[in-house]
Structure formats: structure tokens, C-alpha cells
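Reproduced below: data.cif, with mmCIF, C-alpha atoms and all ligand atoms.
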data_final
#
loop_
_atom_site.label_atom_id
_atom_site.label_comp_id
_atom_site.auth_asym_id
_atom_site.auth_seq_id
_atom_site.Cartn_x
_atom_site.Cartn_y
_atom_site.Cartn_z
CA MET A 1 0.00 0.00 0.00
CA SER A 2 1.46 3.34 -1.07
CA LYS A 3 1.69 6.23 1.32
CA VAL A 4 2.44 9.94 0.87
CA GLY A 5 3.97 12.01 3.64
CA ILE A 6 2.57 15.53 3.66
CA ILE A 7 4.51 17.93 5.83
CA MET A 8 4.40 21.69 6.27
CA GLY A 9 6.36 24.27 8.21
CA SER A 10 3.43 25.52 10.29
CA THR A 11 -0.21 24.83 11.03
CA SER A 12 -0.85 28.15 9.26
CA ASP A 13 0.04 26.36 5.97
CA LEU A 14 -2.78 23.84 6.41
CA PRO A 15 -5.52 25.71 4.46
CA VAL A 16 -3.24 25.57 1.39
CA MET A 17 -1.89 22.05 1.99
CA GLN A 18 -5.39 20.65 2.57
CA GLU A 19 -5.82 20.54 -1.22
CA ALA A 20 -3.03 17.96 -1.50
CA ILE A 21 -4.61 15.90 1.27
CA ASP A 22 -8.04 16.02 -0.37
CA ILE A 23 -6.93 15.08 -3.88
CA LEU A 24 -4.82 12.15 -2.65
CA LYS A 25 -7.66 10.85 -0.51
CA GLY A 26 -9.82 11.12 -3.66
CA PHE A 27 -7.39 8.70 -5.34
CA ASP A 28 -7.64 6.40 -2.28
CA ILE A 29 -3.97 6.97 -1.48
CA GLU A 30 -2.98 6.92 2.17
CA VAL A 31 -1.58 10.17 3.54
CA GLU A 32 0.13 10.99 6.79
CA VAL A 33 0.16 14.68 7.70
CA ASP A 34 2.64 16.33 10.06
CA ILE A 35 4.14 19.69 10.96
CA VAL A 36 7.92 19.77 10.56
CA SER A 37 10.01 22.94 10.54
CA ALA A 38 13.65 23.15 9.53
CA HIS A 39 13.95 26.30 11.59
CA ARG A 40 11.81 25.55 14.63
CA THR A 41 12.14 21.76 14.94
CA PRO A 42 15.49 20.90 13.28
CA GLU A 43 15.84 17.60 15.18
CA LYS A 44 12.41 16.45 14.00
CA LEU A 45 13.27 17.50 10.44
CA PHE A 46 16.44 15.39 10.55
CA ASP A 47 14.61 12.38 11.95
CA TYR A 48 11.79 12.68 9.41
CA GLY A 49 14.10 13.08 6.42
CA LYS A 50 16.42 10.25 7.46
CA ASN A 51 13.66 7.74 8.19
CA ALA A 52 10.73 8.48 5.85
CA HIS A 53 11.70 5.73 3.38
CA GLU A 54 11.87 3.16 6.22
CA ARG A 55 8.42 4.24 7.39
CA GLY A 56 6.74 3.17 4.16
CA PHE A 57 6.40 6.52 2.41
CA ASN A 58 6.80 6.59 -1.38
CA VAL A 59 6.70 10.34 -1.93
CA ILE A 60 6.99 13.38 0.34
CA ILE A 61 5.10 16.62 -0.24
CA ALA A 62 6.59 19.51 1.72
CA GLY A 63 4.97 22.94 1.89
CA ALA A 64 6.45 26.06 3.44
CA GLY A 65 6.39 29.81 3.09
CA GLY A 66 8.84 32.71 3.30
CA ALA A 67 12.36 31.37 3.90
CA ALA A 68 11.06 27.96 2.82
CA HIS A 69 13.98 25.65 3.61
CA LEU A 70 11.86 22.65 4.61
CA PRO A 71 11.44 20.96 1.18
CA GLY A 72 15.11 21.33 0.24
CA MET A 73 16.38 20.09 3.59
CA ILE A 74 14.07 17.08 3.45
CA ALA A 75 15.34 16.38 -0.08
CA SER A 76 18.92 16.57 1.21
CA LEU A 77 18.21 13.87 3.79
CA SER A 78 15.79 11.53 2.00
CA PRO A 79 16.19 9.21 -1.00
CA LEU A 80 12.46 9.66 -1.76
CA PRO A 81 11.09 12.05 -4.38
CA VAL A 82 10.20 15.37 -2.74
CA ILE A 83 7.55 17.71 -4.11
CA GLY A 84 7.80 21.27 -2.82
CA VAL A 85 4.82 23.58 -2.39
CA PRO A 86 5.71 27.26 -2.03
CA VAL A 87 3.13 28.78 0.30
CA LYS A 88 2.23 32.47 0.21
CA SER A 89 2.19 32.80 3.97
CA ARG A 90 1.76 35.88 6.11
CA ASN A 91 5.52 36.33 6.44
CA SER A 92 5.97 36.02 2.66
CA ILE A 93 6.96 39.26 0.92
CA ASP A 94 4.95 38.47 -2.21
CA GLY A 95 5.36 34.72 -2.64
CA TRP A 96 8.53 34.93 -4.73
CA ASP A 97 10.58 34.33 -1.59
CA SER A 98 8.78 31.01 -1.06
CA VAL A 99 9.01 30.03 -4.74
CA LEU A 100 12.70 30.80 -5.19
CA SER A 101 13.86 29.25 -1.93
CA ILE A 102 12.23 25.95 -2.97
CA LEU A 103 12.92 26.12 -6.72
CA GLN A 104 16.59 27.04 -6.90
CA MET A 105 18.08 23.84 -5.50
CA PRO A 106 21.74 23.00 -6.06
CA GLY A 107 22.58 20.20 -8.52
CA GLY A 108 22.18 16.72 -7.07
CA VAL A 109 19.31 17.54 -4.71
CA PRO A 110 16.10 17.95 -6.73
CA VAL A 111 12.81 19.26 -5.40
CA ALA A 112 9.90 19.05 -7.84
CA THR A 113 8.47 22.52 -7.26
CA VAL A 114 4.85 23.29 -8.07
CA ALA A 115 3.23 26.72 -8.41
CA LEU A 116 2.65 29.13 -5.54
CA ASP A 117 -0.02 27.55 -3.32
CA GLY A 118 -0.14 24.69 -5.86
CA ALA A 119 -0.83 21.93 -3.33
CA LYS A 120 -3.48 20.32 -5.54
CA ASN A 121 -0.96 19.77 -8.33
CA ALA A 122 1.52 18.45 -5.76
CA GLY A 123 -1.04 15.83 -4.77
CA ILE A 124 -1.73 14.89 -8.39
CA LEU A 125 2.00 14.65 -9.14
CA ALA A 126 2.53 12.42 -6.10
CA ALA A 127 -0.31 10.17 -7.34
CA GLN A 128 1.26 10.05 -10.81
CA ILE A 129 4.63 9.03 -9.36
CA ILE A 130 2.90 6.22 -7.47
CA GLY A 131 0.75 5.41 -10.53
CA ALA A 132 3.86 4.76 -12.67
CA ALA A 133 4.25 1.48 -10.73
CA ASP A 134 0.68 0.92 -9.53
CA LYS A 135 -1.95 0.12 -12.19
CA CYS A 136 -4.84 0.75 -9.82
CA VAL A 137 -3.70 4.32 -9.13
CA LEU A 138 -2.82 4.83 -12.81
CA ASP A 139 -6.39 3.93 -13.78
CA LYS A 140 -7.75 6.48 -11.30
CA ILE A 141 -5.53 9.17 -12.83
CA LEU A 142 -6.81 8.27 -16.31
CA VAL A 143 -10.38 8.69 -15.05
CA TYR A 144 -9.44 12.01 -13.45
CA LYS A 145 -7.90 13.27 -16.69
CA GLU A 146 -10.97 12.20 -18.64
CA GLY A 147 -13.07 14.18 -16.14
CA LEU A 148 -10.97 17.29 -16.80
CA LYS A 149 -11.49 16.86 -20.54
CA GLN A 150 -15.24 16.37 -20.24
CA LYS A 151 -15.54 19.48 -18.07
CA VAL A 152 -13.89 21.60 -20.77
CA ILE A 153 -16.04 20.07 -23.53
CA LYS A 154 -19.19 20.75 -21.50
CA GLY A 155 -18.03 24.32 -20.77
CA ALA A 156 -17.39 24.94 -24.46
CA GLU A 157 -20.90 23.71 -25.31
CA GLU A 158 -22.40 26.03 -22.69
CA VAL A 159 -20.44 29.01 -24.03
CA LYS A 160 -21.66 28.35 -27.58
CA LYS A 161 -25.29 28.63 -26.37
CA LYS A 162 -24.72 32.20 -25.15
N1 LIG A 201 9.46 28.13 5.92
C1 LIG A 201 9.18 27.66 7.12
C2 LIG A 201 9.85 26.65 7.81
C3 LIG A 201 10.97 25.86 7.26
O1 LIG A 201 11.33 26.05 6.08
O2 LIG A 201 11.46 25.00 7.96
N2 LIG A 201 9.29 26.49 9.01
C4 LIG A 201 8.25 27.35 9.09
N3 LIG A 201 8.21 28.06 7.95
C5 LIG A 201 7.15 28.95 7.48
O3 LIG A 201 6.89 30.09 8.23
C6 LIG A 201 5.61 30.56 7.82
C7 LIG A 201 4.94 31.30 8.95
O4 LIG A 201 4.71 30.40 10.01
P1 LIG A 201 3.81 30.87 11.26
O5 LIG A 201 2.43 31.14 10.69
O6 LIG A 201 3.81 29.67 12.19
O7 LIG A 201 4.46 32.07 11.84
C8 LIG A 201 4.84 29.35 7.34
O8 LIG A 201 4.44 29.51 5.98
C9 LIG A 201 5.82 28.23 7.48
O9 LIG A 201 5.79 27.29 6.43
#
Representation of the structure as C-alpha cells:
Amino acid sequence: MSKVGIIMGSTSDLPVMQEAIDILKGFDIEVEVDIVSAHRTPEKLFDYGKNAHERGFNVIIAGAGGAAHLPGMIASLSPLPVIGVPVKSRNSIDGWDSVLSILQMPGGVPVATVALDGAKNAGILAAQIIGAADKCVLDKILVYKEGLKQKVIKGAEEVKKK
């Protein structure tokens, strides 16, 4: 059974990160949510990053805002794929601080960075990573994509009636 670890720097990130939780639950993928901060709980960060792969996680989604070091530090410690969610938090200047501190990783330590507050896409990407080796999840993603397509087709039909 696949499992995604969803972590964030503060409880104040939860309204954004909830979208990753919801979409993964919609794909029937197990999630475990936690608060881990590189700055405020460095020991917990180290423990989480070092041991996540032994705890049955397949992918880690890490969201943080401002000086968002959490995703990169987790990626430095873990052999698992890490998806970073830049959060436009209250201590963010305009969101670029969050984006750039997650995006501009040094060579050798990738973080797959989604858009500002893009937790939904982080969840979908995590499901797609799992789906590459899990036909059941892959089939659910195909259904999801078909749903996206049908929504656009329906919208186009509605627009033509106007
Ligand atoms: N960027 C980080 C890290 C980290 O990178 O370890 N820990 C907390 N934070 C961020 O600080 C912002 C404000 O947090 P508070 O609302 O708790 O003051 C949050 O967006 C959090 O992700």
C-alpha cells in the first residue's frame, strides 16, 4: 500500500496544503500529515528526512512559506522524491521568496516545485509518481484526466449557447 507524507512548516500552511490531502484521498492513497520545521524543529526534520523511506512513504510533499527551507532540507536527507509547495504565507513578501527558496536547489538535490499555493498539483503529481508502478492508481488518474477533458467540452458547449 502506497503512502504519501505531507509535511508543512506551520499549522498556518494547512488551508493551502489541505488541497493535497483532499486530492490524494480522492485517489484512495494513504496520507500521513505532520508539521515539521527546519527552523523551529530541526531535530524532528532530521529524523523525518532520514527515516521516511523506512516508514513506508513513497513520496513526500513539503509545503512552506517565506524562507522555505523545509522541502530542500528534506530532499537533502531523504532518498524519496520530494515535491515542494511554495506557500504564500503571512511572512511572505509576495510569494517569490517562497518560490525561489524551494525552486533554486543545487545540482544533485532535486525538489519538484509546483506553483505558488499549488498543493493540488503536488497531490496529483505524487499520485502520478505512485501510478507509474501501480496500475490501480494509474487507472484512477486516467479517469481524473478524462473528467478534466469532459468538463472543458461541457463548458465549451455552454459558451456556444450564449
Ligand atoms: N518556511 C518555514 C519553515 C521551514 O522552512 O522550515 N518552518 C516554518 N516556515 C514557514 O513560516 C511561515 C509562517 O509560520 P507561522 O504562521 O507559524 O508564523 C509558514 O508559511 C511556514 O511554512
Worksheet item: In Å to one decimal, how far is CA of Ile60 in chain A from CA of Lys3 in chain A?
Response: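 If I compute the distance from CA of Lys3 in chain A to CA of Ile60 in chain A, I get 9.0 Å.
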Item to complete: May I ask you to write as a PyMOL selection string all residues lying at most 10 Å from ligand LIG 201 (chain A), with only C-alpha atoms and all ligand atoms counted?
Response: chain A and resi 7-14+16+35-42+45+62-74+85-92+97-98+101-102
Worksheet item: Restricting the calculation to all atoms listed in the file, which member of A:Gly155, A:Gly131, A:Pro79, A:Gly95 is positioned closest to Val111 in chain A?
Response: A:Pro79
Worksheet entry | Selection: 7 Å around Ala122 in chain A, all atoms listed in the file, excl. self and same-chain fewer than 3 positions, as a ChimeraX atom specification | /A:20,61,83,85,114,118-119,125-126
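Straight-line separation from CA of Ile141 in chain A to CA of Lys25 in chain A: 12.6 Å.
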Worksheet item: Between A:His53, A:Lys120, A:Lys44, A:Lys140, which is the closest to Pro15 in chain A once you count all atoms listed in the file?
Response: A:Lys120
Fill in: Interatomic distance (Å, one decimal) between CA of Gly123 in chain A and CA of Glu43 in chain A
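Separating CA of Gly123 in chain A from CA of Glu43 in chain A is a distance of 26.2 Å.
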Fill in: Option closest in space to Phe46 in chain A, from A:Leu77, A:Ile29, A:Lys154, A:Gln18 [counting all atoms listed in the file]
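Ranking A:Leu77, A:Ile29, A:Lys154, A:Gln18 by distance to Phe46 in chain A, first place goes to A:Leu77.
Shortest atom-to-atom contact with Val109 in chain A among A:Val82, A:Val59, A:Ile21, A:Ala156: A:Val82, counting all atoms listed in the file.
Between Asp22 in chain A and the candidates A:Phe57, A:Ile124, A:Leu80, A:Asp94, the tightest atom-to-atom separation, counting all atoms listed in the file, involves A:Ile124.
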Discussion item. Need to verify the contact set: Met1 in chain A, 12 Å, all atoms listed in the file, exclusion of same-chain residues closer than 6 positions in sequence. Can you return it as an MDAnalysis selection string?
Written reply: chainID A and resid 28:31 55:58 130:131 133:134 136:137
